[in-house]
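Printed here is final13.cif (mmCIF, C-alpha atoms):
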```
data_model
loop_
_atom_site.label_atom_id
_atom_site.label_comp_id
_atom_site.auth_asym_id
_atom_site.auth_seq_id
_atom_site.Cartn_x
_atom_site.Cartn_y
_atom_site.Cartn_z
CA MET E 7 -13.44 -42.86 -100.06
CA THR E 8 -13.73 -41.06 -96.78
CA GLU E 9 -16.24 -43.62 -95.55
CA ILE E 10 -13.48 -46.22 -95.36
CA ASP E 11 -11.63 -44.06 -92.87
CA VAL E 12 -14.59 -43.16 -90.72
CA PRO E 13 -13.68 -44.05 -87.12
CA ALA E 14 -15.98 -46.38 -85.24
CA GLY E 15 -17.59 -43.43 -83.50
CA ASP E 16 -17.51 -41.43 -80.33
CA ASP E 17 -15.52 -44.06 -78.47
CA GLU E 18 -12.57 -43.57 -80.78
CA LEU E 19 -12.92 -39.82 -80.64
CA HIS E 20 -12.69 -39.98 -76.84
CA ALA E 21 -9.76 -42.38 -77.06
CA PHE E 22 -8.02 -39.89 -79.36
CA VAL E 23 -8.61 -37.06 -76.85
CA ASP E 24 -7.35 -39.21 -73.97
CA GLY E 25 -4.28 -40.45 -75.79
CA GLN E 26 -5.65 -43.99 -75.65
CA LEU E 27 -6.30 -44.47 -79.34
CA ASP E 28 -4.52 -47.41 -80.89
CA ALA E 29 -1.44 -46.02 -82.65
CA THR E 30 -2.44 -47.64 -85.92
CA ARG E 31 -5.67 -45.64 -85.93
CA VAL E 32 -4.23 -42.18 -85.29
CA ALA E 33 -3.48 -41.30 -88.93
CA ALA E 34 -7.00 -42.30 -89.99
CA MET E 35 -8.45 -40.27 -87.14
CA LEU E 36 -6.51 -37.16 -88.16
CA ARG E 37 -7.77 -37.51 -91.75
CA TYR E 38 -11.29 -37.97 -90.44
CA LEU E 39 -11.09 -34.84 -88.32
CA GLN E 40 -9.84 -32.82 -91.28
CA GLN E 41 -12.89 -33.85 -93.26
CA HIS E 42 -15.42 -33.50 -90.44
CA PRO E 43 -15.03 -30.06 -88.87
CA GLU E 44 -17.92 -30.57 -86.45
CA ALA E 45 -16.21 -33.65 -85.03
CA ALA E 46 -12.96 -31.70 -84.84
CA VAL E 47 -14.71 -28.95 -82.87
CA ARG E 48 -16.16 -31.50 -80.47
CA ALA E 49 -12.79 -33.19 -79.99
CA ALA E 50 -11.23 -29.76 -79.37
CA HIS E 51 -13.84 -29.03 -76.71
CA TRP E 52 -13.27 -32.34 -75.01
CA HIS E 53 -9.54 -31.84 -75.13
CA ALA E 54 -9.84 -28.35 -73.60
CA GLN E 55 -12.15 -29.84 -70.97
CA ARG E 56 -9.61 -32.55 -70.16
CA MET E 57 -6.83 -29.97 -69.78
CA ALA E 58 -9.05 -27.77 -67.58
CA LEU E 59 -9.99 -30.75 -65.39
CA ARG E 60 -6.34 -31.52 -64.88
CA ARG E 61 -5.77 -27.91 -63.84
CA LEU E 62 -8.74 -28.12 -61.48
CA HIS E 63 -7.32 -31.33 -60.06
CA ARG E 64 -4.00 -29.62 -59.40
CA ALA E 65 -5.80 -26.65 -57.86
CA ALA E 66 -7.65 -28.95 -55.43
CA GLU E 67 -4.60 -28.89 -53.18
CA PRO E 68 -5.81 -30.61 -50.02
CA GLY E 69 -3.29 -29.00 -47.66
CA THR E 70 -1.74 -30.67 -44.66
CA THR E 71 -3.04 -34.16 -43.96
CA PRO E 72 -5.13 -33.98 -40.78
CA GLY E 73 -3.76 -36.01 -37.91
CA ALA E 74 -7.14 -37.73 -37.58
CA LEU E 75 -6.68 -39.43 -40.95
CA ILE E 76 -3.23 -40.69 -40.04
CA GLU E 77 -4.54 -41.87 -36.69
CA THR E 78 -7.30 -43.82 -38.44
CA VAL E 79 -4.68 -46.05 -40.02
CA MET E 80 -2.25 -46.08 -37.12
CA ARG E 81 -4.94 -46.95 -34.59
CA ARG E 82 -6.06 -49.93 -36.63
CA ARG E 83 -2.58 -51.25 -36.78
CA ARG E 84 -1.92 -50.78 -33.09
CA SER E 85 -5.22 -51.93 -31.67
CA ARG E 86 -5.25 -55.26 -33.41
CA TRP E 87 -1.59 -56.10 -33.12
CA ASN E 88 -0.03 -58.03 -30.35
CA PRO E 89 3.73 -57.72 -29.91
CA TRP E 90 4.38 -61.08 -31.51
CA THR E 91 2.77 -60.30 -34.83
CA GLN E 92 4.47 -56.94 -34.74
CA ALA E 93 7.79 -58.62 -34.27
CA ALA E 94 7.07 -60.96 -37.16
CA ALA E 95 6.23 -58.10 -39.49
CA ALA E 96 9.27 -56.17 -38.41
CA VAL E 97 11.36 -58.91 -39.99
CA LEU E 98 10.47 -57.10 -43.21
CA LEU E 99 12.64 -54.24 -42.07
CA THR E 100 16.13 -54.79 -43.30
CA VAL E 101 18.85 -54.22 -40.82
CA MET E 102 21.65 -52.19 -42.28
CA GLY E 103 25.25 -51.74 -41.27
CA ALA E 104 25.96 -48.55 -39.36
CA ALA E 105 28.69 -46.99 -37.33
CA GLY E 106 27.70 -48.25 -33.96
CA MET E 107 26.52 -51.64 -35.08
CA GLN E 108 29.69 -53.66 -35.09
CA ALA E 109 29.33 -54.32 -31.40
CA TRP E 110 25.85 -55.63 -31.90
CA GLN E 111 26.81 -57.75 -34.87
CA GLN E 112 29.40 -59.51 -32.76
CA THR E 113 26.68 -60.67 -30.43
CA SER E 114 25.37 -62.85 -33.26
CA HIS E 115 21.69 -62.30 -32.78
CA ALA E 116 19.50 -63.22 -35.70
CA PRO E 117 18.84 -60.10 -37.80
CA ALA E 118 15.13 -60.41 -37.05
CA THR E 119 15.79 -59.87 -33.39
CA LEU E 120 17.17 -56.40 -33.88
CA ALA E 121 14.65 -55.47 -36.52
CA ALA E 122 11.88 -56.48 -34.18
CA ALA E 123 13.49 -54.31 -31.58
CA ALA E 124 13.20 -51.19 -33.77
CA PRO E 125 11.39 -49.08 -31.22
CA GLN E 126 7.88 -47.77 -31.72
CA PHE E 127 9.14 -44.18 -31.94
CA VAL E 128 11.26 -45.11 -34.97
CA GLN E 129 8.25 -46.64 -36.69
CA ASP E 130 6.27 -43.50 -35.89
CA ALA E 131 9.11 -41.36 -37.24
CA THR E 132 9.13 -43.38 -40.46
CA VAL E 133 5.40 -42.97 -40.90
CA ALA E 134 5.64 -39.23 -40.24
CA TYR E 135 8.44 -38.96 -42.81
CA THR E 136 6.37 -40.87 -45.37
CA VAL E 137 3.39 -38.60 -44.85
CA PHE E 138 4.99 -35.19 -44.64
CA ALA E 139 8.20 -35.30 -46.68
CA PRO E 140 6.31 -35.45 -50.04
CA GLU E 141 4.08 -32.47 -49.12
CA VAL E 142 4.71 -29.73 -51.66
CA ARG E 143 3.01 -26.75 -50.09
CA HIS E 144 2.70 -27.68 -46.44
CA PRO E 145 5.67 -29.81 -45.46
CA VAL E 146 5.91 -28.05 -42.09
CA GLU E 147 3.61 -26.32 -39.63
CA VAL E 148 6.06 -23.59 -38.66
CA THR E 149 8.71 -22.53 -41.14
CA ALA E 150 12.39 -21.89 -40.56
CA GLN E 151 11.71 -18.14 -40.80
CA GLU E 152 10.31 -18.50 -37.30
CA GLU E 153 12.95 -20.89 -36.07
CA ALA E 154 13.21 -19.39 -32.59
CA HIS E 155 9.45 -19.63 -32.11
CA LEU E 156 9.39 -23.15 -33.55
CA VAL E 157 12.08 -24.43 -31.20
CA GLN E 158 10.52 -22.70 -28.20
CA TRP E 159 7.06 -24.05 -29.01
CA LEU E 160 8.19 -27.64 -29.55
CA SER E 161 10.40 -27.49 -26.43
CA HIS E 162 7.40 -26.34 -24.43
CA ARG E 163 5.14 -29.10 -25.76
CA LEU E 164 7.69 -31.86 -25.33
CA GLY E 165 8.80 -30.56 -21.93
CA ARG E 166 12.47 -30.60 -22.88
CA THR E 167 14.81 -27.99 -24.31
CA LEU E 168 15.20 -28.92 -27.96
CA ALA E 169 17.40 -27.55 -30.71
CA ALA E 170 17.20 -27.69 -34.49
CA PRO E 171 20.68 -28.76 -35.57
CA ASP E 172 22.34 -26.71 -38.31
CA LEU E 173 23.06 -28.98 -41.29
CA GLN E 174 24.07 -26.26 -43.78
CA GLY E 175 27.58 -27.66 -43.77
CA GLN E 176 26.15 -30.96 -45.04
CA GLY E 177 24.09 -29.17 -47.72
CA PHE E 178 20.73 -29.33 -45.95
CA HIS E 179 18.82 -26.27 -44.78
CA LEU E 180 16.02 -26.22 -42.22
CA LEU E 181 12.51 -25.98 -43.72
CA GLY E 182 10.76 -25.90 -40.35
CA GLY E 183 9.00 -28.35 -38.11
CA ARG E 184 5.79 -29.65 -36.68
CA LEU E 185 4.25 -31.16 -33.56
CA LEU E 186 3.02 -34.75 -33.84
CA PRO E 187 1.10 -37.15 -31.63
CA GLY E 188 3.07 -40.06 -30.24
CA GLU E 189 2.17 -43.19 -28.33
CA PRO E 190 -0.15 -42.61 -25.38
CA VAL E 191 1.80 -43.39 -22.26
CA GLN E 192 0.57 -46.42 -20.35
CA GLY E 193 -0.41 -46.07 -16.75
CA THR E 194 -0.90 -42.34 -16.76
CA THR E 195 -4.17 -40.51 -17.09
CA THR E 196 -4.80 -37.05 -18.44
CA ALA E 197 -1.16 -36.01 -18.55
CA ALA E 198 -0.58 -38.69 -21.17
CA ILE E 199 -1.48 -36.40 -24.03
CA ASP E 200 1.37 -34.01 -23.42
CA ALA E 201 3.73 -36.77 -22.53
CA ALA E 202 3.18 -38.30 -25.96
CA ALA E 203 3.94 -35.16 -27.97
CA ARG E 204 6.68 -35.58 -30.58
CA ALA E 205 8.63 -33.10 -32.69
CA GLN E 206 9.67 -33.31 -36.32
CA PHE E 207 12.23 -31.00 -37.93
CA MET E 208 12.48 -31.10 -41.71
CA TYR E 209 15.51 -30.27 -43.84
CA GLU E 210 15.97 -30.03 -47.60
CA ASP E 211 19.01 -30.01 -49.86
CA ALA E 212 19.59 -28.22 -53.20
CA HIS E 213 18.08 -31.19 -55.07
CA GLY E 214 14.86 -31.00 -53.07
CA ARG E 215 15.66 -34.18 -51.13
CA ARG E 216 14.33 -34.11 -47.60
CA VAL E 217 15.39 -35.58 -44.32
CA THR E 218 13.55 -35.33 -41.01
CA LEU E 219 14.79 -35.37 -37.45
CA TYR E 220 12.14 -36.83 -35.17
CA VAL E 221 12.41 -36.38 -31.41
CA ALA E 222 10.55 -38.35 -28.75
CA VAL E 223 10.90 -37.49 -25.07
CA PHE E 224 10.31 -40.52 -22.85
CA PRO E 225 8.60 -39.93 -19.51
CA PRO E 226 10.74 -40.56 -16.42
CA GLY E 227 10.96 -44.25 -15.67
CA VAL E 228 10.00 -45.22 -19.19
CA ALA E 229 13.29 -44.09 -20.68
CA SER E 230 14.74 -46.72 -22.94
CA ARG E 231 18.23 -47.98 -22.53
CA GLU E 232 20.73 -45.88 -24.40
CA THR E 233 21.57 -47.30 -27.76
CA ALA E 234 24.31 -46.73 -30.24
CA PHE E 235 23.49 -45.57 -33.75
CA ARG E 236 21.26 -48.09 -35.42
CA SER E 237 19.52 -48.04 -38.75
CA VAL E 238 16.52 -49.64 -40.39
CA LYS E 239 15.45 -49.50 -44.00
CA SER E 240 11.78 -49.44 -44.91
CA ALA E 241 9.89 -49.11 -48.20
CA ASN E 242 10.44 -45.39 -48.66
CA SER E 243 13.23 -44.29 -46.40
CA THR E 244 16.18 -45.21 -44.28
CA ALA E 245 16.20 -44.25 -40.62
CA PHE E 246 19.15 -43.79 -38.28
CA TYR E 247 18.15 -43.71 -34.66
CA TRP E 248 19.56 -43.58 -31.19
CA VAL E 249 18.36 -43.03 -27.65
CA ASP E 250 20.23 -40.68 -25.37
CA ASP E 251 19.44 -38.90 -22.12
CA GLY E 252 15.79 -39.92 -22.05
CA CYS E 253 15.11 -38.90 -25.65
CA GLY E 254 14.74 -40.93 -28.81
CA TYR E 255 16.06 -39.45 -32.05
CA ALA E 256 15.33 -40.74 -35.54
CA LEU E 257 16.76 -39.26 -38.72
CA ASN E 258 14.81 -40.38 -41.79
CA GLY E 259 15.65 -39.72 -45.40
CA ASP E 260 15.42 -41.09 -48.88
CA VAL E 261 19.15 -40.57 -49.42
CA PRO E 262 22.04 -43.04 -49.54
CA ALA E 263 22.65 -44.67 -46.17
CA SER E 264 26.23 -43.40 -46.04
CA GLN E 265 25.04 -39.82 -46.48
CA LEU E 266 22.32 -40.26 -43.88
CA GLN E 267 24.84 -41.68 -41.46
CA HIS E 268 27.05 -38.65 -42.05
CA LEU E 269 24.09 -36.39 -41.30
CA ALA E 270 23.20 -38.38 -38.20
CA SER E 271 26.75 -37.95 -36.92
CA ALA E 272 26.53 -34.19 -37.50
CA VAL E 273 23.23 -34.05 -35.61
CA TYR E 274 24.65 -36.06 -32.73
CA ASP E 275 27.79 -33.93 -32.46
CA GLN E 276 25.70 -30.76 -32.25
CA LEU E 277 23.17 -32.09 -29.76
CA PHE E 278 25.74 -33.78 -27.55
CA PRO E 279 28.99 -31.78 -27.86
CA LYS E 280 31.90 -33.53 -26.28
CA MET D 25 -4.77 -55.72 -40.60
CA PRO D 26 -2.04 -53.99 -42.55
CA SER D 27 1.56 -54.68 -41.62
CA ALA D 28 3.86 -51.81 -40.70
CA GLU D 29 4.88 -51.69 -44.35
CA GLY D 30 1.25 -51.78 -45.45
CA VAL D 31 0.43 -48.89 -43.16
CA GLU D 32 3.25 -46.89 -44.66
CA GLN D 33 1.99 -47.64 -48.16
CA ILE D 34 -1.56 -46.62 -47.34
CA LEU D 35 -0.42 -43.39 -45.72
CA ALA D 36 1.58 -42.47 -48.81
CA HIS D 37 -1.65 -42.41 -50.85
CA ILE D 38 -3.59 -40.10 -48.53
CA PRO D 39 -2.73 -36.80 -50.32
CA ALA D 40 -3.88 -38.20 -53.68
CA LEU D 41 -7.05 -39.66 -52.18
CA ARG D 42 -7.90 -36.33 -50.57
CA ARG D 43 -7.38 -34.44 -53.82
CA TYR D 44 -9.65 -36.80 -55.73
CA ALA D 45 -12.27 -36.83 -52.95
CA ARG D 46 -12.29 -33.03 -52.90
CA LEU D 47 -13.47 -32.93 -56.52
CA LEU D 48 -15.80 -35.88 -56.03
CA ALA D 49 -17.54 -34.63 -52.88
CA GLY D 50 -17.42 -30.90 -53.57
CA ASP D 51 -16.44 -29.74 -50.10
CA ALA D 52 -13.39 -30.30 -47.93
CA ALA D 53 -15.18 -31.71 -44.88
CA GLY D 54 -17.20 -34.20 -46.92
CA ALA D 55 -14.04 -35.17 -48.78
CA ASP D 56 -12.11 -35.92 -45.59
CA ASP D 57 -15.03 -37.90 -44.17
CA LEU D 58 -14.94 -39.97 -47.32
CA VAL D 59 -11.17 -40.46 -47.09
CA GLN D 60 -11.48 -41.43 -43.43
CA ASP D 61 -14.13 -44.05 -44.21
CA THR D 62 -11.97 -45.31 -47.06
CA LEU D 63 -8.94 -45.70 -44.80
CA GLU D 64 -10.96 -47.54 -42.19
CA ARG D 65 -12.37 -49.92 -44.73
CA ALA D 66 -8.93 -50.45 -46.23
CA CYS D 67 -7.62 -51.50 -42.81
CA VAL D 68 -10.54 -53.84 -42.19
CA LYS D 69 -10.37 -55.40 -45.64
CA TRP D 70 -6.61 -55.31 -45.93
CA SER D 71 -6.38 -59.07 -46.42
CA LEU D 72 -8.41 -58.71 -49.64
CA TRP D 73 -5.79 -56.54 -51.29
CA LYS D 74 -3.55 -58.57 -53.57
CA PRO D 75 0.06 -57.49 -53.05
CA GLY D 76 1.66 -56.56 -56.34
CA THR D 77 -1.52 -54.99 -57.72
CA ALA D 78 -2.02 -51.24 -57.71
CA LEU D 79 -2.87 -50.18 -54.17
CA ARG D 80 -4.13 -46.78 -55.28
CA ALA D 81 -6.69 -48.32 -57.66
CA TRP D 82 -7.89 -50.63 -54.89
CA LEU D 83 -8.30 -47.69 -52.52
CA MET D 84 -10.18 -45.83 -55.27
CA THR D 85 -12.57 -48.77 -55.61
CA LEU D 86 -13.26 -48.70 -51.87
CA MET D 87 -13.78 -44.95 -51.97
CA HIS D 88 -16.07 -45.16 -54.95
CA ASN D 89 -18.27 -47.81 -53.30
CA LEU D 90 -18.50 -45.76 -50.11
CA TYR D 91 -19.34 -42.65 -52.06
CA MET D 92 -22.11 -44.34 -54.01
CA ASN D 93 -23.52 -45.85 -50.80
CA ARG D 94 -23.55 -42.41 -49.28
CA VAL D 95 -25.29 -40.88 -52.27
CA ARG D 96 -27.88 -43.67 -52.29
CA SER D 97 -28.53 -43.53 -48.56
CA GLN D 98 -29.19 -39.83 -48.85
CA GLY D 99 -31.88 -40.74 -51.37
CA ARG D 100 -30.36 -38.34 -53.81
CA ASP D 101 -30.09 -40.40 -56.96
CA ASP D 102 -31.88 -37.65 -58.78
CA ASP D 103 -29.48 -35.30 -60.55
CA HIS D 104 -31.34 -32.21 -59.44
CA ASP D 105 -31.11 -33.04 -55.77
CA ILE D 106 -27.39 -33.49 -56.20
CA LEU D 107 -27.32 -30.13 -57.92
CA ASP D 108 -29.23 -28.46 -55.12
CA GLU D 109 -27.02 -29.97 -52.50
CA SER D 110 -23.80 -29.18 -54.29
CA CYS D 111 -24.72 -25.55 -54.72
CA GLY D 112 -25.98 -25.26 -51.16
CA PRO D 113 -24.07 -23.81 -48.23
CA SER D 114 -21.98 -26.95 -47.73
CA HIS D 115 -20.34 -26.37 -51.08
CA GLU D 116 -17.08 -24.52 -50.60
CA PRO D 117 -15.67 -23.49 -53.95
CA LEU D 118 -11.92 -23.61 -54.31
CA ALA D 119 -10.16 -20.31 -54.96
CA LEU D 120 -10.07 -20.60 -58.72
CA ALA D 121 -9.72 -18.70 -61.98
CA PRO D 122 -13.16 -17.89 -63.48
CA ASP D 123 -13.02 -20.56 -66.18
CA LEU D 124 -12.21 -23.23 -63.59
CA MET D 125 -15.06 -22.00 -61.40
CA ASP D 126 -17.46 -22.68 -64.27
CA LEU D 127 -15.92 -26.10 -64.70
CA GLU D 128 -16.20 -26.91 -61.00
CA ARG D 129 -19.86 -25.91 -61.09
CA ALA D 130 -20.48 -28.03 -64.19
CA LEU D 131 -18.75 -30.95 -62.48
CA ALA D 132 -20.95 -30.57 -59.40
CA ARG D 133 -24.03 -30.72 -61.61
CA LEU D 134 -23.13 -34.13 -63.02
CA SER D 135 -24.71 -37.18 -61.44
CA PRO D 136 -22.18 -39.12 -59.31
CA PRO D 137 -21.75 -41.99 -61.80
CA LEU D 138 -20.87 -39.57 -64.59
CA ARG D 139 -18.64 -37.44 -62.38
CA THR D 140 -16.56 -40.40 -61.19
CA VAL D 141 -15.89 -41.64 -64.71
CA LEU D 142 -14.94 -38.18 -65.93
CA LEU D 143 -12.58 -37.61 -62.98
CA LEU D 144 -10.93 -41.01 -63.18
CA VAL D 145 -10.25 -40.71 -66.91
CA SER D 146 -9.47 -36.99 -67.24
CA ALA D 147 -8.02 -35.89 -63.91
CA GLU D 148 -6.55 -39.13 -62.57
CA GLU D 149 -5.59 -40.29 -66.07
CA TYR D 150 -6.61 -43.90 -65.66
CA THR D 151 -7.12 -45.93 -68.82
CA TYR D 152 -10.67 -46.93 -69.72
CA ALA D 153 -9.92 -50.49 -68.66
CA GLU D 154 -8.54 -49.35 -65.30
CA ALA D 155 -11.55 -47.09 -64.72
CA ALA D 156 -13.87 -50.03 -65.52
CA GLU D 157 -12.00 -52.16 -62.99
CA ILE D 158 -12.09 -49.48 -60.28
CA LEU D 159 -15.81 -48.85 -60.77
CA GLN D 160 -16.57 -52.54 -61.38
CA ILE D 161 -18.59 -51.80 -64.50
CA PRO D 162 -18.17 -52.93 -68.13
CA ILE D 163 -15.86 -50.85 -70.29
CA GLY D 164 -18.78 -50.04 -72.60
CA THR D 165 -20.51 -48.36 -69.65
CA VAL D 166 -17.35 -46.36 -68.95
CA MET D 167 -17.39 -45.11 -72.55
CA SER D 168 -21.06 -44.17 -72.57
CA ARG D 169 -20.81 -42.40 -69.21
CA LEU D 170 -17.67 -40.59 -70.31
CA HIS D 171 -19.48 -39.41 -73.43
CA ARG D 172 -22.52 -38.22 -71.52
CA ALA D 173 -20.35 -36.49 -68.93
CA ARG D 174 -18.26 -34.66 -71.50
CA GLU D 175 -21.25 -33.55 -73.50
CA ALA D 176 -23.06 -32.37 -70.37
CA VAL D 177 -20.04 -30.36 -69.25
CA ARG D 178 -19.56 -28.96 -72.76
CA LEU D 179 -23.17 -27.79 -72.95
CA SER D 180 -23.08 -26.47 -69.41
CA MET D 181 -19.89 -24.51 -70.09
CA SER D 182 -21.22 -23.05 -73.33
CA GLY D 183 -24.41 -22.14 -71.45
CA ALA D 184 -22.29 -20.39 -68.84
CA ALA D 185 -20.45 -18.52 -71.57
CA ASP D 186 -23.75 -17.46 -73.17
CA ALA D 187 -25.06 -16.26 -69.84
CA GLY D 188 -22.06 -13.99 -69.30
CA ALA D 189 -22.70 -10.64 -71.01
CA PRO D 190 -19.98 -10.57 -73.67
CA ALA D 191 -19.44 -14.06 -75.07
CA PRO D 192 -15.97 -13.93 -76.58
CA LEU D 193 -16.30 -17.34 -78.19
CA HIS D 194 -19.02 -18.44 -80.49
CA LEU D 195 -19.66 -21.98 -79.38
CA VAL D 196 -21.35 -24.53 -81.55
CA LYS D 197 -24.62 -25.59 -80.00
CA ARG D 198 -27.12 -28.08 -81.15
#
```
Please render this file's structure as structure tokens.
Amino acid sequence: MTEIDVPAGDDELHAFVDGQLDATRVAAMLRYLQQHPEAAVRAAHWHAQRMALRRLHRAAEPGTTPGALIETVMRRRRSRWNPWTQAAAAVLLTVMGAAGMQAWQQTSHAPATLAAAAPQFVQDATVAYTVFAPEVRHPVEVTAQEEAHLVQWLSHRLGRTLAAPDLQGQGFHLLGGRLLPGEPVQGTTTAAIDAAARAQFMYEDAHGRRVTLYVAVFPPGVASRETAFRSVKSANSTAFYWVDDGCGYALNGDVPASQLQHLASAVYDQLFPK
Amino acid sequence: MPSAEGVEQILAHIPALRRYARLLAGDAAGADDLVQDTLERACVKWSLWKPGTALRAWLMTLMHNLYMNRVRSQGRDDDHDILDESCGPSHEPLALAPDLMDLERALARLSPPLRTVLLLVSAEEYTYAEAAEILQIPIGTVMSRLHRAREAVRLSMSGAADAGAPAPLHLVKR
């Protein structure tokens, strides 16, 4: 009688261990294992092995993603892209309504025009958010415990006095920040490396949602025109950005646009008190 | 070349690729070299990725092919050479509990084809069909490699337990 229920063999035993056994076969498999202790022992070993491998996999925490890996992808995109293809792809970015946008909307440009105009620093900010915001153990290089050092360090590297806005009132606390590479500056030589340094401050709310404030300092003469608040939506986040006093600011977050706009206003009010 | 959106999608998979590569290659530097090569190839071959299909699985396929090329070019198809290399100075064990250290060692002893199948199915939790697609081998080969890998690790682990002075578990050996 037991022969009828004998599973096809090792394949089904593995499928049972991996939770891939056809549901209609599970009852027969359980009966089989009851009657064949040596198979049950083997399945138990394999199951324990599977659990241990999953623990090992979790333990293989790779740490902060090296900048070289990010550059590998970014470089490819930049080196082979002329501005026209970039503009075409930027059409994918959806332009969203924001506080300062009414004026622009009245000028009746096609949406693609503004999306294409989303500056490089905003795209870089979005990439940096995508890479670092999901990091569990190393979301920042310097934590908020060393906020004074963090701000001083980033200010030194960017060549501009920076500040980490306090967003506690909006429910977000500072996790810390990191230094990031930006666009090499055209027309300059060795000084370009420092000129292209960027800063990222990361904040988290009680639900573990994260937003980042990304700061780019433009070299003299390269400074973009000042812009009002604008926003772009990409696959994983929304970004509010503006340019003021020779700096570009981008606030990225996977939170509702209205909330992000509220946060962006709070950041602006603190950085540029009236 | 990937679009801005494509770049963002690729970047989002880097932490997972590094974690998998770490177990596949055995040391952090080798793992990141492998991830770097994978990212470069993904950018070059971006037009071959079919939007709507799983990007992670496609990246895994690229990584697997690069890894096997690397193993072959080193002329180390032989299991024992792999063993020697994995236990050599380039091998940096993770900081692990003792039982996981034995497992990591057993994993390093497997030949690359067995190790990849075991990792994809057990650690990455791909289905057998997905693993077959990633590795571009028949599903029957996935099953036979999985079986050989699990039995090899089981015997290796029971050997490790026997070698330790007090064996708390009596393991069934054939």
Distance-based interface of chain D with chain E, 7 Å, counting only C-alpha atoms, as a ChimeraX atom specification: /D:25-29,31-32,35-36,39,42-43,46,60,63-64,67,118,124,146-147,167,174,178
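Rounded to one decimal, atom CA of E:Val217 and atom CA of E:Gly188 lie 19.2 Å from each other.
Straight-line separation from atom CA of E:Asp275 to atom CA of E:Phe178: 15.9 Å.
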Separation of atom CA of D:Ile158 from atom CA of D:Thr62 in Å: 13.9 Å
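Of the listed residues (D:Tyr91, D:Val177, D:Glu128, D:Glu154), D:Tyr91 comes nearest to D:Gly54; the distances count all atoms listed in the file.
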Reference answer for the PyMOL selection byres ((chain E and resi 167-169) around 9), as an MDAnalysis selection string: chainID E and resid 157:158 160:162 164:166 170:171 221 277
Contacts of D:Ser168 within 12 Å, all atoms listed in the file, excl. fewer than 4 positions in-chain, as a JSON list (two decimals) with C-alpha atoms, in the coordinates of the input:
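result_29.json written:
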```
[["chain", "number", "residue", "atom", "x", "y", "z"],
["E", 15, "GLY", "CA", -17.59, -43.43, -83.50],
["E", 16, "ASP", "CA", -17.51, -41.43, -80.33],
["E", 17, "ASP", "CA", -15.52, -44.06, -78.47],
["E", 18, "GLU", "CA", -12.57, -43.57, -80.78],
["E", 20, "HIS", "CA", -12.69, -39.98, -76.84],
["D", 137, "PRO", "CA", -21.75, -41.99, -61.80],
["D", 138, "LEU", "CA", -20.87, -39.57, -64.59],
["D", 141, "VAL", "CA", -15.89, -41.64, -64.71],
["D", 142, "LEU", "CA", -14.94, -38.18, -65.93],
["D", 152, "TYR", "CA", -10.67, -46.93, -69.72],
["D", 156, "ALA", "CA", -13.87, -50.03, -65.52],
["D", 161, "ILE", "CA", -18.59, -51.80, -64.50],
["D", 162, "PRO", "CA", -18.17, -52.93, -68.13],
["D", 163, "ILE", "CA", -15.86, -50.85, -70.29],
["D", 164, "GLY", "CA", -18.78, -50.04, -72.60],
["D", 172, "ARG", "CA", -22.52, -38.22, -71.52],
["D", 173, "ALA", "CA", -20.35, -36.49, -68.93],
["D", 174, "ARG", "CA", -18.26, -34.66, -71.50],
["D", 175, "GLU", "CA", -21.25, -33.55, -73.50]]
```
Given the point (12.3, -39.6, -25.2) in the file's coordinates, find the residues that have an atom at most 6 Å from it, counting all atoms listed in the file, and give them as a compact mmCIF listing (two decimals) with C-alpha atoms, in the frame of the given file.
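File point.txt, as written:
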```txt
# COMPACT_ATOMS: atom_id res chain seq x y z
CA ALA E 222 10.55 -38.35 -28.75
CA VAL E 223 10.90 -37.49 -25.07
CA PHE E 224 10.31 -40.52 -22.85
CA GLY E 252 15.79 -39.92 -22.05
CA CYS E 253 15.11 -38.90 -25.65
CA GLY E 254 14.74 -40.93 -28.81
```
Reference answer for the PyMOL selection byres ((chain E and resi 248) around 9), as a PyMOL selection string: chain E and resi 232-237+246-247+249-250+253-256
Radius query 12 Å about (-7.0, -49.7, -54.3), atoms used: only C-alpha atoms, as a ChimeraX atom specification: /D:33-34,37-38,40-41,62-63,65-67,69-70,72-89,154-155,157-159
Non-local contacts of E:Asp211 (8 Å; only C-alpha atoms; under 3 positions in same chain excluded) as a list in words: Gly177, Phe178, His179, Gly214, Arg215 and Arg216 of chain E
Selecting N, CA and C atoms, how would stretch 89-94 of chain D from this structure be written as a PDB file, in the first residue's frame?
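After the write, out_9.pdb holds the following:
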```
ATOM      1  N   ASN D  89      27.506  34.034 -15.847  1.00  0.00           N
ATOM      2  CA  ASN D  89      28.360  33.776 -17.012  1.00  0.00           C
ATOM      3  C   ASN D  89      29.770  34.319 -16.786  1.00  0.00           C
ATOM      4  N   LEU D  90      29.849  35.518 -16.220  1.00  0.00           N
ATOM      5  CA  LEU D  90      31.164  36.108 -15.950  1.00  0.00           C
ATOM      6  C   LEU D  90      31.930  35.271 -14.935  1.00  0.00           C
ATOM      7  N   TYR D  91      31.209  34.814 -13.943  1.00  0.00           N
ATOM      8  CA  TYR D  91      31.868  34.016 -12.900  1.00  0.00           C
ATOM      9  C   TYR D  91      32.423  32.709 -13.477  1.00  0.00           C
ATOM     10  N   MET D  92      31.614  32.052 -14.301  1.00  0.00           N
ATOM     11  CA  MET D  92      32.072  30.791 -14.880  1.00  0.00           C
ATOM     12  C   MET D  92      33.240  31.024 -15.839  1.00  0.00           C
ATOM     13  N   ASN D  93      33.192  32.137 -16.589  1.00  0.00           N
ATOM     14  CA  ASN D  93      34.332  32.458 -17.463  1.00  0.00           C
ATOM     15  C   ASN D  93      35.595  32.633 -16.636  1.00  0.00           C
ATOM     16  N   ARG D  94      35.436  33.320 -15.525  1.00  0.00           N
ATOM     17  CA  ARG D  94      36.583  33.589 -14.665  1.00  0.00           C
ATOM     18  C   ARG D  94      37.147  32.279 -14.123  1.00  0.00           C
TER      19      ARG D  94
END
```
